[in-house]
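Presented below is the structure to which this report refers.
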Amino acid sequence: MGRRKETITYSTTFSATANEGSTGAGLQFASTLEAGNSSVVEHYRPRVAYYMREQAGNFHYGKQHPMKPHRLTLTNHLVLNYGLHKHMDVFEPRRATEEEMREFHSEGYIDFLKRVTPDSQKQMADCFAEFNIGDDCPIFDGMWDFCRIYSGASIEAARKLVSGSADIAVNWMGGLHHAKKYEPSGFCYVNDIVLAILQLLRYYPRVLYVDIDIHHGDGVQEAFYTTDRVMTCSFHKYNGEFFPGTGAIDEMGSGLGKFYAVNVPLQDGIDDRSYTQLFKTVMTAVMETFKPGAIVLQCGADSLGLDRLGVFNLSIAAHGECVRFMRRFGVPMMVIGGGGYTIRNVARCWTYETGIVCGTELPEQLPSTVYSEFFAPDYSLHPQLSGRVTNHNSRAYLNALTARILEQLRYLKGAPSVQMQEAPPDIQGFLESEETRDKDVASDRNKDKKDERMSRREHVAEFYESDRDQDDLDV
């Protein structure tokens with residue numbers, strides 16, 4: 001498109017300082033630009049679509065439950081009061097339909113979600129074991145509507161990219177990566193990510209899914225484990241016991257999907273420098289090898305330091321650096337939420353990353369909102385989050401991990417050709433006809449008349465930081 005490009009490479013070994021603690025909010029990332037073979041777009045000015053619905057923050061899993069949808073309300077208030085809505089198009093998405101949810105989930109499971117309520121749960125208790133209902137995944141008031149809202153937003157965001165009317169689509173409501181075809185898991189009921197990727201596959205030959213949540217993105221990996229059209233890449237804590245217990249480095253995919261599942265298992269306490277260097281090294285190789293047409297980036301904020309269920313030492317700046325790095329490739333991208341259980345830091349993080357996708361620097365002092373007291377006493381965008389957990393990721397471990405992942409990618413020998421491969425059974429039934437796809441694109445065009453450019457484009461570590469835990473707040 002006439003934009004100037006530069007190349008960037010990152011060392012595959014870690015310096016002697018890789019295990020030192022992060023330097024805090026003002027961390028400077030010392031990556032060096034060199035000649036290489038992985039291209040990133042310089043001076044990229046994407047069109048950003050932002051999806052929000054006020055009701056999403058009003059749902060409540062239960063007083064003692066760590067998942068607090070109220071974090072979405074805090075995030076949206078910061079985003080709007082920073083004035084970021086001036087740099088993107090803001091949409092209120094429609095709710096997902098049952099038919100759309102059944103593109104991945106079983107009919108029986110969707111019917112259960114639709115019918116079960118706090119009032120009817122006693123009569124339906126016999127189904128709870130079958131559908132994995134319990135402390136992690138309780139029945140709460142408005143659960144079905146909540147699922148429809150966040151799933152509808154991810155589906156709409158994917159269609160926005162397919163229509164060519166946005167380059168980046170943001171949905172902090174989404175990112176519920178644990179949900180399975182037949183049951184909920186890990187606070188997740190409907191897997192909006194899988195539903196969105198199925199939409200993207202109707203146009204893009206290859207889709208890359210990247211997950212920086214502290215928990216393995218098991219639901220998404222499982223859904224696409226046998227296809228070479230979706231590569232899943234998850235950076236997470238793994239010891240065989242930490243939820244969900246999957247994500248070992250030797251989980252690589254099967255059948256046509258052999259080697260297309262990339263897992264980066266990490267130990268407790270990884271810091272900013274170690275994480276960002278590892279992320280950039282791996283993702284540079286992934287992008288060069290797989291050459292995706294679209295990216296879905298799950299930004300679970302439980303990988304931040306001081307998270308209630310997390311055991312990493314990442315700052316908001318380091319977490320955002322991963323978003324900044326993926327943005328620079330200039331590939332159509334969905335940015336979605338995920339985990340994150342110290343909600344004041346989740347809101348800070350996702351606001352900061354909204355600024356990154358918009359290419360806007362945000363002041364350190366948070367704007368005044370009706371929820372300002374959540375961010376006391378510092379009221380800053382970048383509080384100190386590192387140093388609580390000892391870093392157990394040695395330099396030798398990270399070097400060996402990197403080498404093994406790069407070796408796995410070398411087995412792929414370049415991006416797969418859709419024309420040369422049969423669509424795997426798990427996806428084949430979801431690929432719509434040209435006629436239906438054209439109707440979807442036309443529908444998007446009618447809703448976005450102001451945009452005339454419609455051309456196609458190529459949990460076990462519970463932690464309470466202080467006595468002011470959110471469980472004590474009526475949110």
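Chains: A, B, ... in order of the structure tokens. Residues: from 1 per chain. Ligands: from 1, in order shown.
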Inset, instruction - Check the DSSP output for the backbone and give back, as number ranges by chain, the residues of stretch 145-208 of chain A in helix (DSSP H, G or I). - result: A: 145-163, 192-200
Inset, instruction - List the neighbours of A:Glu251 out to 12 Å using only C-alpha atoms; skip same-chain residues closer than 2 positions along the sequence, and give me the result as a PyMOL selection string. - result: chain A and resi 216+218+221-222+225-226+232-234+245-249+253-254+257-265+405+408
Legend entry - Shell of 12 Å around A:Met334, only C-alpha atoms, local chain residues under 4 positions omitted, as a ChimeraX atom specification: /A:47-51,153-162,166-172,174-175,192-193,196-197,199-200,207-211,293-299,323,326-327,330,354,357
For stretch 367-374 of chain A: contacts at 12 Å, only C-alpha atoms, fewer than 3 positions along chain excluded, given as a compact mmCIF listing (two decimals) with N, CA and C atoms, in the first residue's frame:
# COMPACT_ATOMS: atom_id res chain seq x y z
N HIS A 70 -17.48 -6.20 36.30
CA HIS A 70 -17.42 -4.75 36.55
C HIS A 70 -16.12 -4.14 36.03
N ARG A 71 -15.10 -4.95 35.82
CA ARG A 71 -13.84 -4.45 35.26
C ARG A 71 -14.06 -3.83 33.88
N LEU A 72 -15.10 -4.30 33.17
CA LEU A 72 -15.41 -3.73 31.86
C LEU A 72 -15.92 -2.30 31.99
N THR A 73 -16.73 -2.05 33.02
CA THR A 73 -17.22 -0.70 33.27
C THR A 73 -16.07 0.24 33.61
N LEU A 74 -15.15 -0.21 34.47
CA LEU A 74 -13.98 0.61 34.81
C LEU A 74 -13.15 0.92 33.57
N THR A 75 -12.95 -0.09 32.74
CA THR A 75 -12.16 0.09 31.52
C THR A 75 -12.81 1.11 30.59
N ASN A 76 -14.09 0.95 30.32
CA ASN A 76 -14.77 1.85 29.38
C ASN A 76 -14.79 3.29 29.88
N HIS A 77 -14.93 3.47 31.18
CA HIS A 77 -14.91 4.84 31.72
C HIS A 77 -13.53 5.48 31.54
N LEU A 78 -12.47 4.71 31.75
CA LEU A 78 -11.14 5.26 31.52
C LEU A 78 -10.91 5.55 30.04
N VAL A 79 -11.31 4.63 29.18
CA VAL A 79 -11.13 4.81 27.73
C VAL A 79 -11.83 6.08 27.25
N LEU A 80 -13.07 6.27 27.68
CA LEU A 80 -13.82 7.43 27.24
C LEU A 80 -13.29 8.72 27.84
N ASN A 81 -12.89 8.69 29.10
CA ASN A 81 -12.40 9.91 29.74
C ASN A 81 -10.98 10.28 29.33
N TYR A 82 -10.24 9.32 28.80
CA TYR A 82 -8.97 9.65 28.15
C TYR A 82 -9.18 10.23 26.76
N GLY A 83 -10.41 10.18 26.25
CA GLY A 83 -10.71 10.71 24.92
C GLY A 83 -10.33 9.77 23.79
N LEU A 84 -10.15 8.49 24.08
CA LEU A 84 -9.73 7.56 23.04
C LEU A 84 -10.83 7.30 22.02
N THR A 342 -7.49 -8.69 39.53
CA THR A 342 -7.34 -7.47 40.32
C THR A 342 -7.85 -6.37 39.41
N ILE A 343 -9.14 -6.05 39.56
CA ILE A 343 -9.83 -5.37 38.47
C ILE A 343 -9.35 -3.95 38.22
N ARG A 344 -8.80 -3.28 39.23
CA ARG A 344 -8.29 -1.93 38.99
C ARG A 344 -7.10 -1.98 38.03
N ASN A 345 -6.28 -3.04 38.11
CA ASN A 345 -5.14 -3.17 37.21
C ASN A 345 -5.55 -3.68 35.84
N VAL A 346 -6.60 -4.50 35.79
CA VAL A 346 -7.15 -4.93 34.50
C VAL A 346 -7.61 -3.71 33.71
N ALA A 347 -8.35 -2.82 34.36
CA ALA A 347 -8.85 -1.62 33.68
C ALA A 347 -7.72 -0.74 33.20
N ARG A 348 -6.70 -0.57 34.03
CA ARG A 348 -5.53 0.22 33.61
C ARG A 348 -4.88 -0.40 32.37
N THR A 351 -6.99 -0.21 29.14
CA THR A 351 -7.04 1.18 28.68
C THR A 351 -5.73 1.54 27.99
N LEU A 362 -0.81 8.02 26.34
CA LEU A 362 -1.74 8.40 27.40
C LEU A 362 -0.97 9.00 28.57
N PRO A 363 -1.49 10.08 29.17
CA PRO A 363 -0.86 10.66 30.36
C PRO A 363 -0.81 9.65 31.50
N GLU A 364 0.21 9.76 32.34
CA GLU A 364 0.36 8.85 33.46
C GLU A 364 -0.75 9.01 34.49
N PRO A 377 -4.18 4.62 46.01
CA PRO A 377 -3.95 6.04 46.32
C PRO A 377 -3.17 6.78 45.25
N ASP A 378 -2.62 6.06 44.26
CA ASP A 378 -1.72 6.72 43.31
C ASP A 378 -2.43 7.32 42.10
N TYR A 379 -3.59 6.76 41.72
CA TYR A 379 -4.36 7.24 40.58
C TYR A 379 -3.51 7.32 39.30
N SER A 380 -2.61 6.35 39.14
CA SER A 380 -1.69 6.37 38.00
C SER A 380 -1.99 5.23 37.04
N LEU A 381 -1.56 5.40 35.81
CA LEU A 381 -1.78 4.38 34.78
C LEU A 381 -0.83 3.20 34.95
N ARG A 468 -8.56 -3.96 50.95
CA ARG A 468 -9.60 -3.41 50.07
C ARG A 468 -9.85 -4.36 48.91
N ASP A 469 -10.03 -5.66 49.16
CA ASP A 469 -10.32 -6.62 48.11
C ASP A 469 -11.69 -6.33 47.50
N GLN A 470 -11.82 -6.61 46.18
CA GLN A 470 -13.06 -6.28 45.51
C GLN A 470 -14.25 -7.07 46.01
N LEU A 473 -16.61 -5.12 47.90
CA LEU A 473 -17.33 -4.05 47.20
C LEU A 473 -18.52 -4.65 46.48
N VAL A 475 -19.99 -4.96 43.60
CA VAL A 475 -19.83 -4.76 42.17
C VAL A 475 -20.41 -5.95 41.43
Inset, instruction - For atom CA of A:Met101 and atom CA of A:Met252, determine how far apart the two atoms are, in Å to one decimal place. - result: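 A separation of 26.8 Å between them.
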Legend entry - Nearest-residue call for A:Gly255, choices A:Ser274, A:Thr227, A:Thr281, A:Asn393, using only C-alpha atoms: A:Thr227
Which residues, written as a short mmCIF file (atom, residue, chain, number, x, y, z; two decimals) with N, CA and C atoms, in the first residue's frame, have at least one atom at most 6 Å from A:Gly269, with only C-alpha atoms counted and residues fewer than 6 positions away on the same chain left out?
data_model
loop_
_atom_site.label_atom_id
_atom_site.label_comp_id
_atom_site.auth_asym_id
_atom_site.auth_seq_id
_atom_site.Cartn_x
_atom_site.Cartn_y
_atom_site.Cartn_z
N VAL A 311 0.79 -15.40 39.04
CA VAL A 311 2.09 -15.57 39.69
C VAL A 311 3.23 -15.07 38.80
N PHE A 312 2.93 -14.13 37.89
CA PHE A 312 3.96 -13.49 37.09
C PHE A 312 4.28 -12.11 37.68
N ASN A 313 5.32 -11.48 37.13
CA ASN A 313 5.73 -10.15 37.60
C ASN A 313 5.66 -9.09 36.51
N VAL A 389 6.85 -12.11 43.34
CA VAL A 389 7.16 -13.53 43.15
C VAL A 389 8.58 -13.67 42.60
N THR A 390 9.34 -14.58 43.17
CA THR A 390 10.69 -14.85 42.67
C THR A 390 10.63 -15.43 41.26
N ASN A 391 11.52 -14.96 40.41
CA ASN A 391 11.56 -15.43 39.03
C ASN A 391 12.27 -16.79 38.97
#
Legend entry - Polymer residues at most 10 Å from A:Thr276, only C-alpha atoms, same-chain spacing of 5 or more positions, as a list in words: Phe29, Ser31, Ile270, Asp271, Thr281, Val282, Leu314, Ala318, His319, Gly320, Glu321, Cys322 and Phe325 of chain A
Legend entry - d(atom CA of A:Phe59, atom CA of A:Pro93) in Å: 16.9 Å
Per residue of stretch 21-131 of chain A within 12 Å of stretch 135-142 of chain A, what are the shortest atom pair and its distance in Å to one decimal, counting only C-alpha atoms, with rows by chain and residue number, as a Markdown table?
| residue | atom | partner | partner_atom | distance |
| --- | --- | --- | --- | --- |
| A:Gln55 | CA | A:Gly142 | CA | 10.3 |
| A:Ala56 | CA | A:Gly142 | CA | 10.1 |
| A:Gly57 | CA | A:Gly142 | CA | 11.7 |
| A:Asn58 | CA | A:Gly142 | CA | 9.5 |
| A:Phe59 | CA | A:Gly142 | CA | 6.8 |
| A:His60 | CA | A:Phe140 | CA | 6.9 |
| A:Tyr61 | CA | A:Phe140 | CA | 5.7 |
| A:Gly62 | CA | A:Phe140 | CA | 7.3 |
| A:Lys63 | CA | A:Phe140 | CA | 10.9 |
| A:Gln64 | CA | A:Asp135 | CA | 9.8 |
| A:His65 | CA | A:Asp136 | CA | 7.8 |
| A:Pro66 | CA | A:Asp136 | CA | 9.1 |
| A:Met67 | CA | A:Asp136 | CA | 9.2 |
| A:Phe112 | CA | A:Ile139 | CA | 11.1 |
| A:Leu113 | CA | A:Ile139 | CA | 9.1 |
| A:Lys114 | CA | A:Gly142 | CA | 10.0 |
| A:Arg115 | CA | A:Ile139 | CA | 11.0 |
| A:Val116 | CA | A:Ile139 | CA | 7.5 |
| A:Thr117 | CA | A:Ile139 | CA | 6.4 |
| A:Pro118 | CA | A:Phe140 | CA | 5.9 |
| A:Asp119 | CA | A:Asp141 | CA | 8.8 |
| A:Ser120 | CA | A:Ile139 | CA | 9.8 |
| A:Gln121 | CA | A:Ile139 | CA | 7.5 |
| A:Lys122 | CA | A:Ile139 | CA | 10.7 |
| A:Met124 | CA | A:Ile139 | CA | 10.9 |
| A:Ala125 | CA | A:Ile139 | CA | 10.6 |
| A:Phe128 | CA | A:Pro138 | CA | 9.7 |
| A:Ala129 | CA | A:Cys137 | CA | 11.4 |
| A:Phe131 | CA | A:Cys137 | CA | 9.6 |
Inset, instruction - Between atom CA of A:Phe104 and atom CA of A:Asn191, measure the distance and give it in Å to one decimal. - result: 8.2 Å
Inset, instruction - Kindly indicate which residue among A:Arg308, A:Lys291, A:Lys68, A:Arg273 lies nearest to A:Leu412, using only C-alpha atoms for the distances. - result: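 Of A:Arg308, A:Lys291, A:Lys68, A:Arg273, the one nearest A:Leu412, counting only C-alpha atoms, is A:Lys291.
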Legend entry - From A:Ala179, A:Met231, A:Val331, A:Leu309, residue lying nearest A:Pro416 [only C-alpha atoms]: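 Ranked by minimum distance to A:Pro416, first place goes to A:Met231.
The smallest atom-to-atom distance between A:Glu407 and any of A:Val286, A:Cys188, A:Leu385, A:Leu176, using only C-alpha atoms, is found for A:Val286.
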Just list as a PDB file with N, CA, C and O atoms, in the first residue's frame whatever in stretch 130-358 of chain A DSSP marks as strand (DSSP E).
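The resulting file, out.pdb, is reproduced below:
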ATOM      1  N   ILE A 168      -8.130  -2.961  12.968  1.00  0.00           N
ATOM      2  CA  ILE A 168      -8.046  -3.555  14.301  1.00  0.00           C
ATOM      3  C   ILE A 168      -9.419  -3.435  14.948  1.00  0.00           C
ATOM      4  O   ILE A 168     -10.046  -2.375  14.909  1.00  0.00           O
ATOM      5  N   ALA A 169      -9.896  -4.515  15.547  1.00  0.00           N
ATOM      6  CA  ALA A 169     -11.180  -4.514  16.248  1.00  0.00           C
ATOM      7  C   ALA A 169     -10.941  -4.939  17.692  1.00  0.00           C
ATOM      8  O   ALA A 169     -10.291  -5.955  17.940  1.00  0.00           O
ATOM      9  N   VAL A 170     -11.444  -4.145  18.641  1.00  0.00           N
ATOM     10  CA  VAL A 170     -11.183  -4.365  20.066  1.00  0.00           C
ATOM     11  C   VAL A 170     -12.476  -4.766  20.768  1.00  0.00           C
ATOM     12  O   VAL A 170     -13.489  -4.067  20.655  1.00  0.00           O
ATOM     13  N   ASN A 171     -12.423  -5.872  21.518  1.00  0.00           N
ATOM     14  CA  ASN A 171     -13.573  -6.312  22.322  1.00  0.00           C
ATOM     15  C   ASN A 171     -13.072  -6.829  23.662  1.00  0.00           C
ATOM     16  O   ASN A 171     -12.740  -8.010  23.805  1.00  0.00           O
ATOM     17  N   VAL A 207      -5.328 -18.032  10.026  1.00  0.00           N
ATOM     18  CA  VAL A 207      -5.573 -17.160  11.170  1.00  0.00           C
ATOM     19  C   VAL A 207      -4.631 -17.569  12.298  1.00  0.00           C
ATOM     20  O   VAL A 207      -4.515 -18.755  12.625  1.00  0.00           O
ATOM     21  N   LEU A 208      -3.970 -16.582  12.886  1.00  0.00           N
ATOM     22  CA  LEU A 208      -3.075 -16.809  14.017  1.00  0.00           C
ATOM     23  C   LEU A 208      -3.763 -16.388  15.308  1.00  0.00           C
ATOM     24  O   LEU A 208      -4.273 -15.267  15.410  1.00  0.00           O
ATOM     25  N   TYR A 209      -3.779 -17.270  16.298  1.00  0.00           N
ATOM     26  CA  TYR A 209      -4.303 -16.958  17.618  1.00  0.00           C
ATOM     27  C   TYR A 209      -3.150 -16.879  18.606  1.00  0.00           C
ATOM     28  O   TYR A 209      -2.367 -17.819  18.746  1.00  0.00           O
ATOM     29  N   VAL A 210      -3.034 -15.730  19.291  1.00  0.00           N
ATOM     30  CA  VAL A 210      -1.965 -15.496  20.262  1.00  0.00           C
ATOM     31  C   VAL A 210      -2.605 -15.220  21.616  1.00  0.00           C
ATOM     32  O   VAL A 210      -3.521 -14.399  21.718  1.00  0.00           O
ATOM     33  N   ASP A 211      -2.105 -15.865  22.666  1.00  0.00           N
ATOM     34  CA  ASP A 211      -2.722 -15.811  23.992  1.00  0.00           C
ATOM     35  C   ASP A 211      -1.663 -15.454  25.029  1.00  0.00           C
ATOM     36  O   ASP A 211      -0.698 -16.198  25.230  1.00  0.00           O
ATOM     37  N   VAL A 230      -5.343 -22.689  11.276  1.00  0.00           N
ATOM     38  CA  VAL A 230      -5.259 -21.879  12.487  1.00  0.00           C
ATOM     39  C   VAL A 230      -4.039 -22.309  13.268  1.00  0.00           C
ATOM     40  O   VAL A 230      -3.888 -23.495  13.601  1.00  0.00           O
ATOM     41  N   MET A 231      -3.158 -21.363  13.552  1.00  0.00           N
ATOM     42  CA  MET A 231      -2.047 -21.635  14.455  1.00  0.00           C
ATOM     43  C   MET A 231      -2.380 -21.010  15.799  1.00  0.00           C
ATOM     44  O   MET A 231      -2.761 -19.839  15.872  1.00  0.00           O
ATOM     45  N   THR A 232      -2.279 -21.785  16.870  1.00  0.00           N
ATOM     46  CA  THR A 232      -2.487 -21.263  18.219  1.00  0.00           C
ATOM     47  C   THR A 232      -1.135 -21.143  18.905  1.00  0.00           C
ATOM     48  O   THR A 232      -0.304 -22.051  18.826  1.00  0.00           O
ATOM     49  N   CYS A 233      -0.916 -20.016  19.568  1.00  0.00           N
ATOM     50  CA  CYS A 233       0.354 -19.762  20.254  1.00  0.00           C
ATOM     51  C   CYS A 233       0.040 -19.191  21.624  1.00  0.00           C
ATOM     52  O   CYS A 233      -0.466 -18.071  21.730  1.00  0.00           O
ATOM     53  N   SER A 234       0.322 -19.935  22.676  1.00  0.00           N
ATOM     54  CA  SER A 234      -0.058 -19.561  24.030  1.00  0.00           C
ATOM     55  C   SER A 234       1.164 -19.437  24.932  1.00  0.00           C
ATOM     56  O   SER A 234       1.986 -20.347  25.001  1.00  0.00           O
ATOM     57  N   PHE A 235       1.278 -18.288  25.625  1.00  0.00           N
ATOM     58  CA  PHE A 235       2.324 -18.036  26.618  1.00  0.00           C
ATOM     59  C   PHE A 235       1.659 -18.123  27.989  1.00  0.00           C
ATOM     60  O   PHE A 235       0.791 -17.300  28.307  1.00  0.00           O
ATOM     61  N   HIS A 236       2.061 -19.059  28.837  1.00  0.00           N
ATOM     62  CA  HIS A 236       1.298 -19.315  30.056  1.00  0.00           C
ATOM     63  C   HIS A 236       2.148 -20.011  31.105  1.00  0.00           C
ATOM     64  O   HIS A 236       3.217 -20.556  30.801  1.00  0.00           O
ATOM     65  N   LYS A 237       1.664 -20.002  32.334  1.00  0.00           N
ATOM     66  CA  LYS A 237       2.297 -20.790  33.393  1.00  0.00           C
ATOM     67  C   LYS A 237       1.909 -22.249  33.201  1.00  0.00           C
ATOM     68  O   LYS A 237       0.748 -22.563  32.948  1.00  0.00           O
ATOM     69  N   ALA A 261       0.167 -26.046  16.800  1.00  0.00           N
ATOM     70  CA  ALA A 261      -0.114 -25.586  18.161  1.00  0.00           C
ATOM     71  C   ALA A 261       1.233 -25.307  18.821  1.00  0.00           C
ATOM     72  O   ALA A 261       2.055 -26.213  18.987  1.00  0.00           O
ATOM     73  N   VAL A 262       1.461 -24.050  19.159  1.00  0.00           N
ATOM     74  CA  VAL A 262       2.730 -23.634  19.762  1.00  0.00           C
ATOM     75  C   VAL A 262       2.463 -23.270  21.221  1.00  0.00           C
ATOM     76  O   VAL A 262       1.654 -22.379  21.501  1.00  0.00           O
ATOM     77  N   ASN A 263       3.112 -23.950  22.129  1.00  0.00           N
ATOM     78  CA  ASN A 263       2.940 -23.685  23.556  1.00  0.00           C
ATOM     79  C   ASN A 263       4.249 -23.225  24.170  1.00  0.00           C
ATOM     80  O   ASN A 263       5.302 -23.827  23.923  1.00  0.00           O
ATOM     81  N   VAL A 264       4.165 -22.160  24.969  1.00  0.00           N
ATOM     82  CA  VAL A 264       5.325 -21.568  25.624  1.00  0.00           C
ATOM     83  C   VAL A 264       5.102 -21.661  27.133  1.00  0.00           C
ATOM     84  O   VAL A 264       4.576 -20.735  27.759  1.00  0.00           O
ATOM     85  N   PRO A 265       5.453 -22.789  27.751  1.00  0.00           N
ATOM     86  CA  PRO A 265       5.203 -22.988  29.183  1.00  0.00           C
ATOM     87  C   PRO A 265       6.234 -22.259  30.035  1.00  0.00           C
ATOM     88  O   PRO A 265       7.448 -22.440  29.864  1.00  0.00           O
ATOM     89  N   LEU A 266       5.768 -21.448  30.973  1.00  0.00           N
ATOM     90  CA  LEU A 266       6.638 -20.614  31.794  1.00  0.00           C
ATOM     91  C   LEU A 266       6.478 -20.960  33.272  1.00  0.00           C
ATOM     92  O   LEU A 266       5.458 -21.511  33.690  1.00  0.00           O
ATOM     93  N   ALA A 294      -4.905 -12.924   9.254  1.00  0.00           N
ATOM     94  CA  ALA A 294      -5.510 -12.187  10.358  1.00  0.00           C
ATOM     95  C   ALA A 294      -4.968 -12.741  11.671  1.00  0.00           C
ATOM     96  O   ALA A 294      -4.542 -13.900  11.739  1.00  0.00           O
ATOM     97  N   ILE A 295      -4.994 -11.888  12.705  1.00  0.00           N
ATOM     98  CA  ILE A 295      -4.491 -12.254  14.029  1.00  0.00           C
ATOM     99  C   ILE A 295      -5.597 -12.039  15.046  1.00  0.00           C
ATOM    100  O   ILE A 295      -6.324 -11.045  14.985  1.00  0.00           O
ATOM    101  N   VAL A 296      -5.724 -12.968  15.993  1.00  0.00           N
ATOM    102  CA  VAL A 296      -6.583 -12.774  17.165  1.00  0.00           C
ATOM    103  C   VAL A 296      -5.672 -12.784  18.381  1.00  0.00           C
ATOM    104  O   VAL A 296      -5.004 -13.798  18.651  1.00  0.00           O
ATOM    105  N   LEU A 297      -5.611 -11.656  19.088  1.00  0.00           N
ATOM    106  CA  LEU A 297      -4.709 -11.510  20.228  1.00  0.00           C
ATOM    107  C   LEU A 297      -5.515 -11.444  21.518  1.00  0.00           C
ATOM    108  O   LEU A 297      -6.250 -10.488  21.756  1.00  0.00           O
ATOM    109  N   GLN A 298      -5.399 -12.480  22.350  1.00  0.00           N
ATOM    110  CA  GLN A 298      -6.085 -12.540  23.628  1.00  0.00           C
ATOM    111  C   GLN A 298      -5.182 -11.941  24.694  1.00  0.00           C
ATOM    112  O   GLN A 298      -4.064 -12.401  24.921  1.00  0.00           O
ATOM    113  N   MET A 333      -6.283  -7.381  12.798  1.00  0.00           N
ATOM    114  CA  MET A 333      -6.136  -7.981  14.115  1.00  0.00           C
ATOM    115  C   MET A 333      -7.340  -7.713  15.005  1.00  0.00           C
ATOM    116  O   MET A 333      -7.850  -6.598  15.062  1.00  0.00           O
ATOM    117  N   MET A 334      -7.780  -8.758  15.694  1.00  0.00           N
ATOM    118  CA  MET A 334      -8.749  -8.643  16.774  1.00  0.00           C
ATOM    119  C   MET A 334      -7.989  -8.615  18.086  1.00  0.00           C
ATOM    120  O   MET A 334      -7.113  -9.449  18.316  1.00  0.00           O
ATOM    121  N   VAL A 335      -8.333  -7.677  18.964  1.00  0.00           N
ATOM    122  CA  VAL A 335      -7.734  -7.594  20.294  1.00  0.00           C
ATOM    123  C   VAL A 335      -8.855  -7.812  21.297  1.00  0.00           C
ATOM    124  O   VAL A 335      -9.839  -7.070  21.309  1.00  0.00           O
ATOM    125  N   ILE A 336      -8.722  -8.845  22.142  1.00  0.00           N
ATOM    126  CA  ILE A 336      -9.800  -9.221  23.039  1.00  0.00           C
ATOM    127  C   ILE A 336      -9.276  -9.387  24.460  1.00  0.00           C
ATOM    128  O   ILE A 336      -8.070  -9.475  24.687  1.00  0.00           O
TER     129      ILE A 336
END
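Of the listed residues A:Glu241, A:Asp268, A:Asp228, A:Glu353, the one whose atoms come nearest to A:Phe290 is A:Asp228, with distances taken using only C-alpha atoms.
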